[in-house]
Each structure stands twice: as C-alpha cells, then as structure tokens.
file work-v5.txt (compact mmCIF, C-alpha atoms and all ligand atoms)
# COMPACT_ATOMS: atom_id res chain seq x y z
CA MET A 1 30.21 -4.10 -6.48
CA LYS A 2 27.72 -2.20 -4.36
CA THR A 3 25.58 0.23 -6.29
CA LYS A 4 23.89 2.71 -4.00
CA LEU A 5 20.23 3.24 -4.67
CA ALA A 6 18.35 5.93 -2.86
CA ILE A 7 14.64 5.48 -2.54
CA THR A 8 12.64 7.79 -0.45
CA THR A 9 9.61 9.97 -0.64
CA ALA A 10 10.04 13.23 -2.43
CA ILE A 11 8.94 15.12 0.65
CA VAL A 12 11.50 13.80 3.11
CA LEU A 13 14.36 13.46 0.66
CA ALA A 14 16.17 16.59 1.72
CA ALA A 15 15.92 15.70 5.39
CA LEU A 16 17.37 12.23 5.06
CA SER A 17 20.93 11.62 6.08
CA PRO A 18 23.09 9.77 3.57
CA ALA A 19 23.00 6.75 5.86
CA ALA A 20 19.24 6.63 5.58
CA ALA A 21 19.33 6.84 1.82
CA ALA A 22 19.52 3.18 0.97
CA ASP A 23 18.08 0.83 -1.59
CA TYR A 24 15.04 0.22 0.50
CA TYR A 25 12.16 2.03 2.18
CA THR A 26 10.51 0.97 5.40
CA GLN A 27 7.41 2.27 7.11
CA ASN A 28 5.89 1.05 10.38
CA PHE A 29 3.54 4.05 10.77
CA ASP A 30 4.50 4.42 14.45
CA GLY A 31 5.81 7.92 13.77
CA MET A 32 2.19 9.05 13.31
CA GLY A 33 1.67 8.66 17.05
CA THR A 34 -2.03 9.14 17.57
CA GLY A 35 -2.09 12.17 15.28
CA VAL A 36 -3.92 12.86 12.05
CA THR A 37 -0.91 13.25 9.74
CA ALA A 38 0.05 10.40 7.41
CA PRO A 39 3.76 9.75 6.80
CA PRO A 40 5.24 11.67 3.84
CA GLY A 41 4.33 10.18 0.50
CA TRP A 42 1.11 8.55 1.71
CA TYR A 43 -2.30 9.62 0.36
CA MET A 44 -5.90 8.47 0.62
CA TYR A 45 -7.80 7.94 -2.61
CA TYR A 46 -11.26 6.56 -3.19
CA ILE A 47 -13.24 5.28 -6.15
CA ALA A 48 -16.66 6.88 -6.44
CA GLY A 49 -19.77 4.72 -6.71
CA GLY A 50 -21.67 2.44 -4.42
CA GLY A 51 -20.99 -0.81 -2.63
CA SER A 52 -18.98 -3.29 -4.59
CA SER A 53 -19.77 -6.43 -6.44
CA SER A 54 -16.77 -7.95 -4.70
CA LEU A 55 -14.79 -7.65 -7.91
CA PRO A 56 -11.43 -5.90 -7.79
CA PRO A 57 -11.28 -2.67 -9.79
CA THR A 58 -9.98 -2.73 -13.34
CA GLY A 59 -6.94 -0.65 -14.19
CA THR A 60 -9.28 1.91 -15.72
CA GLU A 61 -11.38 2.10 -12.56
CA MET A 62 -8.21 2.46 -10.51
CA ALA A 63 -7.11 5.34 -12.73
CA SER A 64 -10.41 7.10 -11.98
CA ALA A 65 -9.73 7.24 -8.23
CA LEU A 66 -10.15 10.60 -6.55
CA LEU A 67 -7.90 12.16 -3.94
CA GLY A 68 -9.44 11.96 -0.46
CA ILE A 69 -9.05 14.15 2.61
CA PRO A 70 -5.44 14.51 3.84
CA ALA A 71 -6.22 14.51 7.59
CA LEU A 72 -6.53 11.01 8.99
CA LYS A 73 -9.23 9.71 11.24
CA VAL A 74 -7.98 8.05 14.44
CA TRP A 75 -9.55 4.80 15.55
CA ASN A 76 -8.56 2.12 18.05
CA GLN A 77 -9.88 -1.37 18.57
CA THR A 78 -11.40 -0.21 21.85
CA ASP A 79 -13.68 2.11 19.83
CA THR A 80 -16.97 1.21 18.20
CA PRO A 81 -16.44 0.14 14.56
CA ASP A 82 -16.90 3.04 12.16
CA ALA A 83 -16.50 3.86 8.47
CA TRP A 84 -15.44 6.84 6.35
CA SER A 85 -15.79 7.54 2.64
CA GLN A 86 -12.84 9.87 2.03
CA GLU A 87 -10.40 9.34 4.87
CA ALA A 88 -7.69 6.89 5.77
CA VAL A 89 -7.39 5.94 9.41
CA ASN A 90 -4.61 5.92 11.99
CA MET A 91 -5.41 2.64 13.77
CA GLY A 92 -4.13 0.85 16.85
CA ALA A 93 -5.16 -1.55 19.58
CA THR A 94 -5.87 1.15 22.17
CA SER A 95 -5.49 4.93 22.41
CA SER A 96 -2.15 4.41 24.18
CA SER A 97 -0.78 1.85 21.70
CA THR A 98 2.48 3.02 20.15
CA ASP A 99 2.21 0.41 17.37
CA ARG A 100 0.22 2.35 14.79
CA LEU A 101 -1.18 1.09 11.49
CA LEU A 102 -2.62 2.86 8.46
CA GLY A 103 -6.04 1.56 7.59
CA THR A 104 -9.33 1.95 5.82
CA SER A 105 -13.01 1.38 6.49
CA PRO A 106 -14.89 2.42 3.36
CA THR A 107 -18.51 3.42 3.08
CA ALA A 108 -20.64 5.08 0.38
CA THR A 109 -17.98 4.54 -2.31
CA ARG A 110 -16.64 1.77 -4.53
CA GLY A 111 -13.76 1.49 -2.09
CA SER A 112 -10.88 3.17 -0.26
CA ILE A 113 -7.24 3.24 -1.35
CA LEU A 114 -3.98 3.69 0.51
CA HIS A 115 -1.54 5.28 -1.96
CA LEU A 116 2.25 5.57 -1.67
CA ASP A 117 4.60 7.65 -3.85
CA LEU A 118 8.28 6.67 -3.78
CA LEU A 119 10.81 8.73 -5.71
CA ASN A 120 13.55 6.93 -7.59
CA THR A 121 16.76 8.82 -6.81
CA SER A 122 19.00 5.85 -7.51
CA GLY A 123 20.52 7.22 -10.68
CA ALA A 124 19.27 4.19 -12.61
CA PRO A 125 15.95 2.87 -13.88
CA ILE A 126 14.07 0.49 -11.59
CA ASN A 127 12.87 -2.74 -13.16
CA THR A 128 12.20 -4.90 -10.14
CA VAL A 129 10.60 -4.27 -6.75
CA SER A 130 10.57 -6.60 -3.78
CA LEU A 131 7.83 -5.65 -1.33
CA SER A 132 6.45 -6.98 1.93
CA TYR A 133 3.87 -5.71 4.38
CA ALA A 134 1.78 -6.92 7.25
CA MET A 135 -2.00 -6.75 6.96
CA GLN A 136 -4.26 -6.83 9.99
CA VAL A 137 -8.01 -7.31 10.12
CA MET A 138 -8.91 -4.91 12.94
CA THR A 139 -12.62 -5.85 13.11
CA GLY A 140 -14.37 -8.84 11.60
CA ALA A 141 -16.52 -8.49 8.51
CA THR A 142 -20.25 -8.97 8.61
CA GLN A 143 -20.78 -8.52 4.88
CA THR A 144 -19.60 -10.06 1.65
CA GLU A 145 -16.56 -8.23 0.41
CA LEU A 146 -13.17 -8.83 -1.10
CA PRO A 147 -10.94 -10.12 1.68
CA GLY A 148 -8.08 -7.88 2.74
CA TYR A 149 -6.31 -5.53 0.35
CA SER A 150 -5.88 -5.78 -3.40
CA PHE A 151 -2.47 -4.44 -4.45
CA TYR A 152 -1.78 -2.37 -7.58
CA TYR A 153 1.26 -0.60 -8.99
CA LEU A 154 1.49 1.95 -11.78
CA ASP A 155 3.38 0.44 -14.71
CA GLY A 156 3.92 3.18 -17.27
CA SER A 157 0.42 4.67 -17.37
CA THR A 158 -1.42 1.46 -16.42
CA TRP A 159 -2.60 0.58 -12.94
CA THR A 160 -1.65 -3.07 -12.73
CA PRO A 161 -3.11 -5.49 -10.18
CA PHE A 162 -0.57 -7.82 -8.65
CA LEU A 163 -2.24 -10.78 -6.97
CA GLY A 164 1.01 -11.87 -5.34
CA LEU A 165 0.68 -8.97 -2.90
CA ASN A 166 -3.00 -9.36 -2.09
CA GLN A 167 -3.27 -10.33 1.56
CA PRO A 168 -6.66 -11.90 2.36
CA SER A 169 -6.31 -12.35 6.13
CA THR A 170 -4.16 -11.13 9.00
CA GLY A 171 -0.59 -11.95 8.02
CA THR A 172 2.35 -10.85 5.89
CA ALA A 173 2.48 -10.57 2.12
CA PHE A 174 5.82 -10.80 0.34
CA ALA A 175 6.50 -10.86 -3.38
CA GLN A 176 8.56 -9.40 -6.18
CA PHE A 177 7.14 -7.72 -9.26
CA TYR A 178 8.56 -6.40 -12.52
CA TYR A 179 7.89 -3.27 -14.50
CA THR A 180 7.15 -3.51 -18.19
CA THR A 181 8.03 0.18 -18.30
CA PRO A 182 10.95 0.72 -15.89
CA VAL A 183 10.69 3.69 -13.54
CA PRO A 184 13.39 6.14 -14.67
CA ASN A 185 15.75 7.91 -12.33
CA GLY A 186 13.76 10.86 -11.02
CA GLY A 187 10.52 9.02 -11.66
CA THR A 188 8.01 8.05 -9.02
CA MET A 189 6.88 4.55 -8.12
CA LYS A 190 3.21 4.49 -7.21
CA PHE A 191 1.66 1.71 -5.15
CA ARG A 192 -1.96 1.24 -4.05
CA TRP A 193 -3.79 -0.95 -1.58
CA PHE A 194 -7.51 -1.18 -2.39
CA ASP A 195 -10.23 -2.03 0.16
CA ASP A 196 -13.63 -2.55 -1.43
CA ASN A 197 -16.84 -1.29 0.14
CA ASP A 198 -19.28 -4.13 0.65
CA ALA A 199 -22.77 -3.60 -0.69
CA GLY A 200 -24.61 -4.56 2.50
CA SER A 201 -25.83 -2.33 5.28
CA GLY A 202 -23.45 -3.65 7.92
CA PRO A 203 -19.90 -2.47 8.46
CA ASP A 204 -16.98 -3.72 6.41
CA ALA A 205 -14.07 -5.39 8.08
CA MET A 206 -11.75 -2.61 9.21
CA LEU A 207 -8.35 -3.27 7.64
CA ALA A 208 -4.89 -1.83 8.15
CA ILE A 209 -1.34 -2.25 6.91
CA ASN A 210 1.87 -2.21 8.95
CA ASP A 211 5.62 -2.81 8.63
CA LEU A 212 6.06 -2.13 4.92
CA VAL A 213 9.43 -2.86 3.33
CA VAL A 214 10.15 -1.87 -0.28
CA ASN A 215 13.46 -3.17 -1.55
CA ILE A 216 15.15 -2.69 -4.91
CA PRO A 217 17.46 -5.61 -5.55
CA GLU A 218 21.00 -4.54 -6.31
CA PRO A 219 21.86 -4.63 -10.00
CA GLY A 220 24.49 -7.29 -9.37
CA THR A 221 21.94 -9.70 -7.93
CA LEU A 222 19.03 -8.67 -10.09
CA SER A 223 19.19 -11.36 -12.74
CA LEU A 224 19.47 -14.23 -10.26
CA LEU A 225 16.57 -12.95 -8.16
CA ALA A 226 14.47 -12.35 -11.23
CA LEU A 227 15.08 -15.88 -12.45
CA GLY A 228 14.14 -17.35 -9.08
CA ALA A 229 11.01 -15.27 -8.79
CA LEU A 230 10.00 -16.03 -12.35
CA ALA A 231 10.17 -19.72 -11.52
CA LEU A 232 7.81 -19.02 -8.62
CA VAL A 233 5.41 -17.14 -10.86
CA PHE A 234 5.28 -19.98 -13.33
CA ARG A 235 4.75 -22.56 -10.59
CA ARG A 236 1.73 -20.65 -9.31
CA ARG A 237 -0.02 -20.68 -12.65
CA CA B 301 3.20 0.03 13.41
CA CA B 302 -13.72 -3.95 2.51
CA CA B 303 -20.02 -1.18 3.44
call {"tool": "encode", "arguments": {"input": "work-v5.txt", "output": "structure tokens"}}
result
Amino acid sequence: MKTKLAITTAIVLAALSPAAAADYYTQNFDGMGTGVTAPPGWYMYYIAGGGSSSLPPTGTEMASALLGIPALKVWNQTDTPDAWSQEAVNMGATSSSTDRLLGTSPTATRGSILHLDLLNTSGAPINTVSLSYAMQVMTGATQTELPGYSFYYLDGSTWTPFLGLNQPSTGTAFAQFYYTTPVPNGGTMKFRWFDDNDAGSGPDAMLAINDLVVNIPEPGTLSLLALGALALVFRRR
C-alpha cells in the first residue's frame, strides 16, 4: 500500500503540483542562478563569539544561534577567497557555472549555519528521515578547524548532533536518523549544517553543500529499514 507523504517547504507548498508533492525533497541549488536569493525554506544562522576551539557546538549553543542576513553573497572559485560573518554564499566554479552550491565561509563568529525548514504535510507523524547531500571543499583550509559540516536536527526542543551526516571532506554523506519526538503532521523538520570559524588569522576552508535529498521511508517499509539502519548504528559503536 502506497501512503502518500508530502514534504515541502511551507513557502512553496501552494505552488507545488500534486506530482511534485512526494515523500521526498530534493535541492540542487541550481535554481538560484547567480542571484542572491536562497531557495525557499533555507536560512543563514550564526553563533556569536570568536574563533572556535574546533569543538562542535553543544545543543544549547546551537539553540542560541542568531538569524543572519537573508541576501546571499555570490562567490566563485575564480574569485579571491573571502569570508562573511552573517551571510550564506551562492557558490560555483565560475561566474557562468550553472551548477550552484550553498556555502559558508565564517569569520568573526563561532561559526556559520545553513538552516532548512521542511513542513510535514504527510498527514502522519514522521519518525525516520533518510538524508543525503554532497559536500564540497571550495578552497583549502590554512587553519585548524573542524573539517566539513557538522549536522544537527531539532528533536522536540533539542538540537541534536548526528555524526552520521558529518561530511569531513569533498564527498557525499548518507544516513538515516530517528526522532525521539516524532514531527507531527503540520510540524516542521529543522536541519542545520554547522561550519566552525577557525581561531587563526588565515581564511577558513570555504565549504558548500549540493544535491540534497531528504526522504521519508514509506510506513510499509519503515520497520525493515529501521532495523537495518539500527544494525549499522550498533556496528559503528
Ligand atoms: Ca548544484
Ligand atoms: Ca570552518
Ligand atoms: Ca577564521
């Protein structure tokens, strides 16, 4: 039995055709073109403070994050490396590259955060999320910092780090995670990718994400997938 789940951002929900309302969400960021507008549902947050101790934020620190500036910066690999404290960045290889990525290059803060809101319009609570994304190191690091992005999701009222979706180098992360407090129908899933600001005077590595897929396993297959993934979790420990 196929149970239809509709996951989309609150902002584009009304514009989506029924065919687009599926049990998954994808984002390749190419629709940004070379403009300064992030896709619907995406926000830049930052954690105030100085350069990091290369420790990932606690859930409490993550909850203290402040909303950044909506307009993106635009930066391509042909440009001189740069950094911004309160903006996310539309990145690409060159100014004519149609493959766009959403990235960060923090400075003068604890770190920069890419934040995604996804509305659950499935009609049922969501317990399990399967998520994959590509991470690209756009410029090499010259300082000590956490490698790549640290992934968090809001579970109830707790920002929860999920190491299975940390991606330390250019490549693709893929993992499944489970809510302790399921996201009710009409509730919003909140995901964050954290890029710490190194404490040195040189630039951080400029990082970006691409080709995100968020999938909610169908109820009929949920238990089998959960069992398989649980086995993976236990093997890793
Ligand atoms: Ca892209
Ligand atoms: Ca960094
Ligand atoms: Ca820095």
call {"tool": "residues_around", "arguments": {"input": "work-v5.txt", "residues": "stretch 200-209 of chain A", "least_positions_apart": "6", "cutoff": "7 Å", "atoms": "all atoms listed in the file", "output": "VMD selection string"}}
result
chain A and resid 101 to 105 133 to 143 148
call {"tool": "residues_near_ligand", "arguments": {"input": "work-v5.txt", "ligand": "ligand CA 301 (chain B)", "cutoff": "6 Å", "atoms": "only C-alpha atoms and all ligand atoms", "output": "list in words"}}
result
Asn28, Phe29, Asp30, Asp99, Arg100, Leu101 and Asn210 of chain A
call {"tool": "closest_atom_pairs", "arguments": {"input": "work-v5.txt", "of": "chain A", "to": "ligand CA 302 (chain B)", "cutoff": "6 Å", "atoms": "all atoms listed in the file", "output": "JSON lines"}}
result
{"residue": "A:Glu145", "atom": "CA", "partner": "B:CA302", "partner_atom": "CA", "distance": 5.5}
{"residue": "A:Asp195", "atom": "CA", "partner": "B:CA302", "partner_atom": "CA", "distance": 4.6}
{"residue": "A:Asp196", "atom": "CA", "partner": "B:CA302", "partner_atom": "CA", "distance": 4.2}
{"residue": "A:Asn197", "atom": "CA", "partner": "B:CA302", "partner_atom": "CA", "distance": 4.7}
{"residue": "A:Asp198", "atom": "CA", "partner": "B:CA302", "partner_atom": "CA", "distance": 5.9}
{"residue": "A:Asp204", "atom": "CA", "partner": "B:CA302", "partner_atom": "CA", "distance": 5.1}
{"residue": "A:Ala205", "atom": "CA", "partner": "B:CA302", "partner_atom": "CA", "distance": 5.8}
call {"tool": "residues_around", "arguments": {"input": "work-v5.txt", "residues": "A:Ser150", "least_positions_apart": "4", "cutoff": "10 Å", "atoms": "all atoms listed in the file", "output": "PDB file with C-alpha atoms, in the frame of the given file"}}
result
ATOM      1  CA  PRO A  56     -11.430  -5.900  -7.790  1.00  0.00           C
ATOM      2  CA  PRO A  57     -11.280  -2.670  -9.790  1.00  0.00           C
ATOM      3  CA  ILE A 113      -7.240   3.240  -1.350  1.00  0.00           C
ATOM      4  CA  LEU A 146     -13.170  -8.830  -1.100  1.00  0.00           C
ATOM      5  CA  PRO A 161      -3.110  -5.490 -10.180  1.00  0.00           C
ATOM      6  CA  PHE A 162      -0.570  -7.820  -8.650  1.00  0.00           C
ATOM      7  CA  LEU A 163      -2.240 -10.780  -6.970  1.00  0.00           C
ATOM      8  CA  GLY A 164       1.010 -11.870  -5.340  1.00  0.00           C
ATOM      9  CA  LEU A 165       0.680  -8.970  -2.900  1.00  0.00           C
ATOM     10  CA  ASN A 166      -3.000  -9.360  -2.090  1.00  0.00           C
ATOM     11  CA  GLN A 167      -3.270 -10.330   1.560  1.00  0.00           C
ATOM     12  CA  PRO A 168      -6.660 -11.900   2.360  1.00  0.00           C
ATOM     13  CA  ARG A 192      -1.960   1.240  -4.050  1.00  0.00           C
ATOM     14  CA  TRP A 193      -3.790  -0.950  -1.580  1.00  0.00           C
ATOM     15  CA  PHE A 194      -7.510  -1.180  -2.390  1.00  0.00           C
ATOM     16  CA  ASP A 195     -10.230  -2.030   0.160  1.00  0.00           C
ATOM     17  CA  ASP A 196     -13.630  -2.550  -1.430  1.00  0.00           C
TER      18      ASP A 196
END
call {"tool": "closest_residue", "arguments": {"input": "work-v5.txt", "among": "A:Pro184, A:Gly33, A:Gly171, A:Pro217", "to": "A:Gly92", "atoms": "only C-alpha atoms"}}
result
A:Gly33
call {"tool": "residues_around", "arguments": {"input": "work-v5.txt", "residues": "A:Gln86", "least_positions_apart": "5", "cutoff": "9 Å", "atoms": "only C-alpha atoms", "output": "list in words"}}
result
Met44, Tyr45, Tyr46, Leu67, Gly68, Ile69, Pro70, Pro106, Thr107, Thr109 and Ser112 of chain A
call {"tool": "closest_residue", "arguments": {"input": "work-v5.txt", "among": "A:Tyr149, A:Phe174, A:Trp84, A:Tyr179", "to": "ligand CA 303 (chain B)", "atoms": "all atoms listed in the file"}}
result
A:Trp84
call {"tool": "axis_aligned_box", "arguments": {"input": "work-v5.txt", "around": "stretch 194-207 of chain A", "padding_each_side": "8 Å", "output": "AutoDock Vina command-line options"}}
result
--center_x -16.7 --center_y -3.3 --center_z 3.4 --size_x 34.3 --size_y 20.2 --size_z 27.6
call {"tool": "closest_residue", "arguments": {"input": "work-v5.txt", "among": "A:Ser132, A:Thr158, A:Ser54, A:Asn76", "to": "ligand CA 303 (chain B)", "atoms": "only C-alpha atoms and all ligand atoms"}}
result
A:Ser54
call {"tool": "closest_residue", "arguments": {"input": "work-v5.txt", "among": "A:Ala83, A:Leu154, A:Val89, A:Val213", "to": "ligand CA 303 (chain B)", "atoms": "all atoms listed in the file"}}
result
A:Ala83
